[in-house]
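Below is start-v4.cif, which holds mmCIF, C-alpha atoms.
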```cif
data_model
#
loop_
_atom_site.label_atom_id
_atom_site.label_comp_id
_atom_site.auth_asym_id
_atom_site.auth_seq_id
_atom_site.Cartn_x
_atom_site.Cartn_y
_atom_site.Cartn_z
CA MET A 1 13.17 192.35 185.12
CA GLN A 2 13.43 191.78 188.85
CA VAL A 3 14.81 188.45 190.16
CA ASN A 4 14.14 187.38 193.76
CA ILE A 5 15.54 184.32 195.50
CA ILE A 6 13.64 183.24 198.60
CA GLU A 7 15.45 180.88 200.94
CA ASN A 8 13.17 178.62 202.91
CA ALA A 9 14.28 175.45 204.73
CA ASP A 10 10.80 173.90 204.29
CA THR A 11 10.97 173.99 200.49
CA LYS A 12 11.27 170.43 199.18
CA GLU A 13 11.96 171.20 195.52
CA ILE A 14 13.28 174.31 193.82
CA PHE A 15 10.56 176.05 191.86
CA ALA A 16 10.35 179.31 189.95
CA GLU A 17 7.35 181.54 189.45
CA ILE A 18 7.08 184.22 186.80
CA HIS A 19 4.88 187.20 187.62
CA CYS A 20 3.77 189.23 184.65
CA ALA A 21 0.92 191.47 183.50
CA GLU A 22 0.49 189.51 180.29
CA ILE A 23 1.90 186.26 178.83
CA THR A 24 3.95 187.51 175.93
CA ALA A 25 6.34 185.65 173.62
CA GLU A 26 9.23 186.87 175.78
CA VAL A 27 7.61 185.41 178.91
CA LYS A 28 7.08 182.09 177.14
CA ARG A 29 10.73 182.12 176.12
CA LEU A 30 11.79 182.80 179.69
CA GLU A 31 9.61 179.94 180.90
CA SER A 32 11.18 177.59 178.37
CA HIS A 33 14.70 178.74 179.36
CA ILE A 34 14.03 178.06 183.04
CA ALA A 35 12.40 174.70 182.32
CA ASN A 36 15.42 173.62 180.26
CA PHE A 37 18.17 175.37 182.19
CA ASP A 38 20.25 172.20 182.49
CA GLY A 39 19.75 171.64 178.74
CA ARG A 40 19.04 167.92 178.98
CA ILE A 41 16.09 165.65 178.46
CA LYS A 42 15.41 162.29 180.08
CA GLY A 43 15.12 159.19 177.97
CA GLU A 44 15.50 155.44 178.12
CA CYS A 45 18.03 153.48 176.09
CA ASP A 46 18.59 149.69 176.45
CA ARG A 47 16.39 149.74 179.58
CA GLU A 48 18.65 152.30 181.22
CA VAL A 49 17.71 155.85 182.06
CA CYS A 50 19.96 158.36 180.38
CA TYR A 51 19.99 162.07 179.70
CA VAL A 52 20.63 163.60 176.33
CA ASP A 53 21.69 167.19 175.62
CA ILE A 54 18.88 169.07 173.91
CA LYS A 55 21.32 170.54 171.40
CA ASP A 56 22.29 166.99 170.28
CA ILE A 57 18.72 165.97 169.47
CA LEU A 58 17.84 165.77 165.78
CA TYR A 59 14.13 165.18 166.18
CA PHE A 60 11.38 163.59 168.27
CA GLU A 61 8.94 161.16 166.72
CA SER A 62 5.74 159.69 168.03
CA VAL A 63 5.03 156.15 166.80
CA ASP A 64 2.04 154.17 168.12
CA ASN A 65 1.74 156.28 171.30
CA LYS A 66 5.45 156.06 172.10
CA THR A 67 7.82 158.99 171.74
CA PHE A 68 11.33 158.45 170.43
CA ILE A 69 14.31 160.78 170.64
CA TYR A 70 16.73 160.63 167.70
CA THR A 71 20.31 161.82 168.04
CA GLU A 72 23.15 161.22 165.62
CA ASP A 73 24.10 157.88 167.17
CA LYS A 74 21.23 156.89 169.47
CA VAL A 75 17.50 156.33 169.55
CA LEU A 76 15.95 156.75 173.00
CA THR A 77 12.43 156.35 174.30
CA ALA A 78 11.09 159.50 175.96
CA GLU A 79 8.80 159.35 178.94
CA LEU A 80 6.86 162.44 177.83
CA ARG A 81 4.29 162.62 175.04
CA LEU A 82 5.12 164.62 171.93
CA TYR A 83 2.90 167.58 172.86
CA GLU A 84 4.47 167.72 176.33
CA ILE A 85 7.94 167.78 174.81
CA GLU A 86 6.84 170.45 172.37
CA LYS A 87 5.62 172.61 175.27
CA LYS A 88 8.82 172.04 177.22
CA LEU A 89 11.17 173.01 174.42
CA SER A 90 11.93 176.45 173.11
CA GLU A 91 9.68 177.15 170.15
CA ARG A 92 12.54 178.99 168.50
CA ASP A 93 14.79 175.92 168.45
CA PHE A 94 12.25 173.13 167.90
CA PHE A 95 9.41 173.05 165.48
CA ARG A 96 6.42 170.73 164.96
CA CYS A 97 6.89 169.65 161.35
CA SER A 98 4.17 167.00 161.06
CA LYS A 99 1.55 165.27 163.17
CA SER A 100 4.18 162.93 164.61
CA VAL A 101 7.53 164.77 164.43
CA VAL A 102 9.13 167.71 166.24
CA VAL A 103 12.44 168.68 164.62
CA ASN A 104 15.45 170.66 165.84
CA ILE A 105 15.59 173.65 163.47
CA GLY A 106 19.30 174.07 164.09
CA LYS A 107 19.93 170.60 162.63
CA ILE A 108 18.21 171.29 159.30
CA VAL A 109 20.80 171.95 156.62
CA ARG A 110 18.70 171.90 153.47
CA PRO A 111 14.94 172.44 153.16
CA LYS A 112 13.71 171.38 149.72
CA PRO A 113 10.16 172.38 148.73
CA GLU A 114 8.20 169.81 146.75
CA ILE A 115 5.44 170.00 144.14
CA SER A 116 3.18 168.36 146.73
CA ARG A 117 3.76 171.51 148.90
CA ASN A 118 5.60 169.49 151.56
CA ILE A 119 9.22 170.28 152.35
CA ILE A 120 11.87 167.57 152.59
CA ALA A 121 14.29 168.77 155.27
CA THR A 122 17.74 167.18 155.17
CA LEU A 123 19.37 167.13 158.60
CA ASP A 124 23.08 167.50 159.26
CA ASN A 125 23.54 163.71 159.56
CA GLY A 126 22.05 163.22 156.09
CA GLU A 127 18.71 161.93 157.35
CA ALA A 128 15.57 163.55 155.96
CA VAL A 129 12.29 164.49 157.64
CA VAL A 130 9.11 165.66 155.97
CA ILE A 131 7.67 169.04 156.88
CA SER A 132 4.06 168.48 155.96
CA ARG A 133 2.22 171.23 154.07
CA ARG A 134 0.08 172.00 157.13
CA TYR A 135 3.19 173.16 159.02
CA VAL A 136 5.14 174.72 156.13
CA SER A 137 3.63 178.19 156.65
CA GLU A 138 4.83 178.16 160.27
CA LEU A 139 8.40 177.43 159.17
CA LYS A 140 8.19 180.13 156.52
CA ARG A 141 6.95 182.60 159.12
CA MET A 142 9.83 181.74 161.46
CA ILE A 143 12.59 182.15 158.90
CA GLY A 144 10.92 185.09 157.15
CA ALA A 145 10.22 183.33 153.86
CA GLU A 146 6.56 184.21 153.55
CA ASP A 147 5.70 184.64 149.87
CA MET B 1 -0.03 151.11 162.99
CA ASP B 2 -0.84 154.76 162.24
CA ARG B 3 1.09 154.50 158.98
CA PHE B 4 -0.82 151.38 158.00
CA LYS B 5 -4.14 153.12 158.73
CA THR B 6 -3.09 156.05 156.52
CA PHE B 7 -2.09 153.56 153.83
CA LEU B 8 -5.56 151.94 153.98
CA VAL B 9 -7.33 155.32 153.86
CA TYR B 10 -5.29 156.35 150.78
CA THR B 11 -6.03 152.99 149.11
CA ARG B 12 -9.77 153.28 149.80
CA ASN B 13 -9.97 156.90 148.60
CA GLY B 14 -7.82 156.20 145.54
CA LEU B 15 -9.91 153.18 144.60
CA CYS B 16 -13.23 155.03 144.99
CA PHE B 17 -11.99 157.99 142.98
CA SER B 18 -10.32 156.08 140.14
CA PHE B 19 -13.02 153.41 139.75
CA THR B 20 -15.88 155.96 139.71
CA TRP B 21 -14.02 158.20 137.29
CA LEU B 22 -13.04 155.36 134.92
CA LEU B 23 -16.54 153.91 134.99
CA LEU B 24 -18.06 157.29 134.11
CA MET B 25 -15.59 157.66 131.23
CA LEU B 26 -16.37 154.13 129.99
CA MET B 27 -20.12 154.78 130.16
CA GLU B 28 -19.68 158.00 128.24
CA GLY B 29 -17.47 156.24 125.66
CA ALA B 30 -20.00 153.41 125.35
CA ALA B 31 -22.88 155.86 124.89
CA PHE B 32 -21.02 157.66 122.10
CA SER B 33 -20.12 154.37 120.40
CA GLY B 34 -23.68 153.08 120.64
CA ILE B 35 -22.75 150.21 122.99
CA ARG B 36 -25.80 149.37 125.09
CA ALA B 37 -24.30 146.97 127.66
CA ILE B 38 -21.02 146.45 129.52
CA GLU B 39 -20.05 142.96 130.70
CA VAL B 40 -19.74 142.28 134.43
CA GLY B 41 -16.39 140.56 133.79
CA PHE B 42 -15.12 143.69 132.06
CA ILE B 43 -16.15 145.89 135.01
CA PHE B 44 -14.48 143.46 137.40
CA LYS B 45 -11.22 143.65 135.44
CA VAL B 46 -11.42 147.47 135.47
CA PHE B 47 -12.00 147.28 139.22
CA LEU B 48 -8.88 145.10 139.66
CA MET B 49 -6.78 147.54 137.68
CA CYS B 50 -8.07 150.45 139.79
CA LEU B 51 -7.35 148.47 142.96
CA TYR B 52 -3.79 147.80 141.81
CA GLY B 53 -3.37 151.48 140.88
CA ALA B 54 -4.74 152.62 144.25
CA VAL B 55 -2.38 150.27 146.13
CA CYS B 56 0.58 151.53 144.06
CA PHE B 57 -0.48 155.12 144.75
CA ALA B 58 -0.79 154.47 148.50
CA VAL B 59 2.59 152.70 148.58
CA CYS B 60 4.26 155.61 146.80
CA PHE B 61 2.55 158.55 148.48
CA THR B 62 2.32 157.50 152.12
CA ASP B 63 5.07 156.79 154.65
CA PHE B 64 3.98 153.15 155.03
CA LEU B 65 6.83 151.72 152.92
CA ILE B 66 8.66 154.74 151.50
CA ARG B 67 9.78 157.28 154.09
CA ALA B 68 10.98 160.88 153.67
CA LYS B 69 11.50 160.72 149.92
CA GLY B 70 10.88 163.49 147.42
CA PHE B 71 7.94 163.81 145.06
CA ILE B 72 9.92 162.91 141.92
CA PHE B 73 11.23 159.70 143.50
CA ARG B 74 7.69 158.72 144.53
CA LEU B 75 6.26 159.60 141.11
CA THR B 76 8.97 157.58 139.36
CA VAL B 77 8.25 154.51 141.51
CA LEU B 78 4.52 154.92 140.83
CA PHE B 79 5.08 155.12 137.07
CA VAL B 80 7.43 152.12 137.07
CA LEU B 81 4.91 150.04 139.05
CA PHE B 82 1.69 151.17 137.44
CA ILE B 83 2.22 152.28 133.83
CA PRO B 84 3.24 148.81 132.48
CA ALA B 85 0.22 147.28 134.26
CA GLU B 86 -2.02 150.02 132.85
CA ILE B 87 -0.75 149.45 129.30
CA PHE B 88 -1.23 145.69 129.68
CA THR B 89 -4.78 146.09 131.03
CA PHE B 90 -5.78 148.68 128.43
CA TYR B 91 -4.47 146.34 125.72
CA LYS B 92 -6.16 143.23 127.13
CA LEU B 93 -9.47 144.96 127.87
CA THR B 94 -9.44 146.68 124.49
CA ILE B 95 -10.28 149.97 126.18
CA PHE B 96 -9.29 151.83 123.03
CA SER B 97 -11.32 150.68 120.06
CA GLY B 98 -10.11 147.09 119.63
CA LYS B 99 -6.40 146.77 120.45
CA GLY B 100 -6.03 150.47 119.82
CA THR B 101 -4.55 152.36 116.90
CA ILE B 102 -1.02 153.79 116.82
CA PRO B 103 -2.29 157.41 117.24
CA GLU B 104 -4.33 156.35 120.30
CA TRP B 105 -1.29 154.75 121.95
CA VAL B 106 0.89 157.73 120.98
CA ILE B 107 -1.60 160.14 122.61
CA PHE B 108 -1.57 157.94 125.73
CA GLY B 109 2.26 157.95 125.78
CA VAL B 110 2.48 161.70 125.21
CA ILE B 111 0.09 162.38 128.14
CA VAL B 112 2.14 160.17 130.51
CA VAL B 113 5.56 161.43 129.40
CA SER B 114 4.59 165.12 129.27
CA PHE B 115 3.12 164.92 132.79
CA TYR B 116 6.35 163.35 134.08
CA ILE B 117 8.58 165.86 132.27
CA THR B 118 6.52 168.83 133.52
CA CYS B 119 6.92 167.62 137.13
CA LEU B 120 10.63 167.02 136.60
CA VAL B 121 11.22 170.47 135.07
CA LEU B 122 9.27 172.20 137.87
CA ASP B 123 11.26 170.26 140.47
CA ARG B 124 14.62 171.10 138.91
CA THR B 125 13.88 174.80 138.32
CA LYS B 126 11.20 176.56 140.40
CA TYR B 127 11.41 174.34 143.49
CA LYS B 128 15.20 174.13 143.38
CA ASP B 129 15.48 177.95 143.45
CA LYS B 130 12.93 178.12 146.26
CA GLY B 131 14.93 175.53 148.20
CA GLU B 132 18.13 177.57 147.85
CA ARG B 133 16.31 180.66 149.11
CA TYR B 134 14.89 178.79 152.10
CA THR B 135 18.34 177.33 152.90
CA LYS B 136 19.85 180.82 153.00
CA LEU B 137 17.03 182.19 155.18
CA LEU B 138 17.26 179.18 157.50
CA ASN B 139 21.03 179.64 157.89
CA ASP B 140 20.46 183.33 158.74
CA TYR B 141 17.80 182.33 161.28
CA ASN B 142 20.09 179.76 162.95
CA ARG B 143 22.96 182.26 163.03
CA ARG B 144 20.69 184.82 164.74
CA GLN B 145 19.59 182.20 167.31
CA ARG B 146 23.19 181.32 168.15
CA ASN B 147 24.17 184.97 168.58
CA GLU B 148 21.27 185.83 170.90
#
```
Can the structure from this file be put into structure tokens for me?
Amino acid sequence: MQVNIIENADTKEIFAEIHCAEITAEVKRLESHIANFDGRIKGECDREVCYVDIKDILYFESVDNKTFIYTEDKVLTAELRLYEIEKKLSERDFFRCSKSVVVNIGKIVRPKPEISRNIIATLDNGEAVVISRRYVSELKRMIGAED
Amino acid sequence: MDRFKTFLVYTRNGLCFSFTWLLLMLMEGAAFSGIRAIEVGFIFKVFLMCLYGAVCFAVCFTDFLIRAKGFIFRLTVLFVLFIPAEIFTFYKLTIFSGKGTIPEWVIFGVIVVSFYITCLVLDRTKYKDKGERYTKLLNDYNRRQRNE
């Protein structure tokens, strides 16, 4: 892969362009790495803007058109919608587990399948999120648990 | 708000399903017993029981009041809320012939208990093993991600 840096005094904001013959999974990964190179996401907590490290996020939840960011000790309001966050994050680290939740896969410590075909995923802080049956096959594909 | 809407949809669907099903069973039972008419008051009481059952079902199997809990927990809450009410209504409405005979109530009890035990056994065996397998695969996946 070739990397070019073009210096131009007229450029107002740094931007990166990826040139490729075809958008492959690797290209998508590269895009997500560049987009999140500082590894933080903007949120609002007690009416103050703050940034939270992506690796500290447990999950994102959309409730009544608002998106919340859950970490071990904080709940922040995100300015982006859930689908925008999903696009922004690496699909190998975060996973859409229901209509309203995107979870950090690295924070799941125990996935427990249920008779109802959902999975109850216990996170490393003891909290649990539901992986609804619609999204279970995607998780299984990722971890290589396809039956 | 979304959770409340889901709760209402579950209640409506549960009520339609259970009331239609119970009514069909009652009509069939009445036809076999040679009963030619069912009282409106009786149907109304059946409707109330179905409504209560549907609300219990929606409470237990949506995220409106109970969040991120397992199937067995939800089923247990449903049984605790609904089975006593069901027994009371069946007894009061004389759904079994009269107040019901001991074998009829035993059959009813066996159906309820065996359903619960089957779910419990499946949860503690098949799904527990599956969970352990998924945990191992997930740990391997996370280890690979960290090393890349």
Shell around Val77 in chain B at 12 Å using all atoms listed in the file, local window under 2 positions removed, as a PyMOL selection string: chain B and resi 56-61+65-66+69-75+79-84+116
Chain B contacts to chain A at 12 Å (all atoms listed in the file) as a ChimeraX atom specification: /B:1-5,61-63,66-75,118-146,148
Residues matched by the PyMOL selection byres ((chain B and resi 50) around 12), written as a CSV table (one decimal) with C-alpha atoms, in the frame of the given file:
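The file below, result.csv, is the result:
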```
chain,number,residue,atom,x,y,z
B,11,THR,CA,-6.0,153.0,149.1
B,12,ARG,CA,-9.8,153.3,149.8
B,13,ASN,CA,-10.0,156.9,148.6
B,14,GLY,CA,-7.8,156.2,145.5
B,15,LEU,CA,-9.9,153.2,144.6
B,16,CYS,CA,-13.2,155.0,145.0
B,17,PHE,CA,-12.0,158.0,143.0
B,18,SER,CA,-10.3,156.1,140.1
B,19,PHE,CA,-13.0,153.4,139.8
B,20,THR,CA,-15.9,156.0,139.7
B,21,TRP,CA,-14.0,158.2,137.3
B,22,LEU,CA,-13.0,155.4,134.9
B,23,LEU,CA,-16.5,153.9,135.0
B,43,ILE,CA,-16.2,145.9,135.0
B,44,PHE,CA,-14.5,143.5,137.4
B,45,LYS,CA,-11.2,143.6,135.4
B,46,VAL,CA,-11.4,147.5,135.5
B,47,PHE,CA,-12.0,147.3,139.2
B,48,LEU,CA,-8.9,145.1,139.7
B,49,MET,CA,-6.8,147.5,137.7
B,51,LEU,CA,-7.4,148.5,143.0
B,52,TYR,CA,-3.8,147.8,141.8
B,53,GLY,CA,-3.4,151.5,140.9
B,54,ALA,CA,-4.7,152.6,144.2
B,55,VAL,CA,-2.4,150.3,146.1
B,56,CYS,CA,0.6,151.5,144.1
B,57,PHE,CA,-0.5,155.1,144.8
B,82,PHE,CA,1.7,151.2,137.4
B,85,ALA,CA,0.2,147.3,134.3
B,86,GLU,CA,-2.0,150.0,132.8
B,89,THR,CA,-4.8,146.1,131.0
B,90,PHE,CA,-5.8,148.7,128.4
```
Pairwise distance for CA of His19 in chain A and CA of Glu31 in chain A, rounded to one decimal in Å: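 Separation of CA of His19 in chain A and CA of Glu31 in chain A: 11.0 Å.
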Distance query 12 Å from (10.0, 157.2, 168.2) using all atoms listed in the file, result as an NGL selection string: :A and (43-45 or 58-71 or 74-82 or 100-102)
Computed interatomic separation between CA of Tyr51 in chain A and CA of Lys99 in chain A (Å):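 If I compute the distance from CA of Tyr51 in chain A to CA of Lys99 in chain A, I get 25.0 Å.
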Distance in Å - CA of Leu93 in chain B versus CA of Phe115 in chain B: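 CA of Phe115 in chain B lies at a distance of 24.1 Å from CA of Leu93 in chain B.
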Near-Glu104 in chain B list (12 Å; only C-alpha atoms; drop same-chain fewer than 5 positions) as a ChimeraX atom specification: /B:87,90-91,94-99,109-111
Axis-aligned box over every listed atom of range 101-108 of chain A, padded by 5 Å per side: centre and edges in Å to one decimal, as lines of an AutoDock Vina configuration file?
```
center_x = 13.7
center_y = 169.4
center_z = 162.8
size_x = 22.4
size_y = 19.3
size_z = 16.9
```
Residues within 8 Å of Tyr135 in chain A, all atoms listed in the file, excluding chain neighbours under 3 positions, as a VMD selection string: chain A and resid 96 to 98 131 to 132 138 to 139
Test item: residues at most 12 Å from Ala16 in chain A, only C-alpha atoms, excluding those fewer than 2 positions along its chain, as a count of residues only: 16
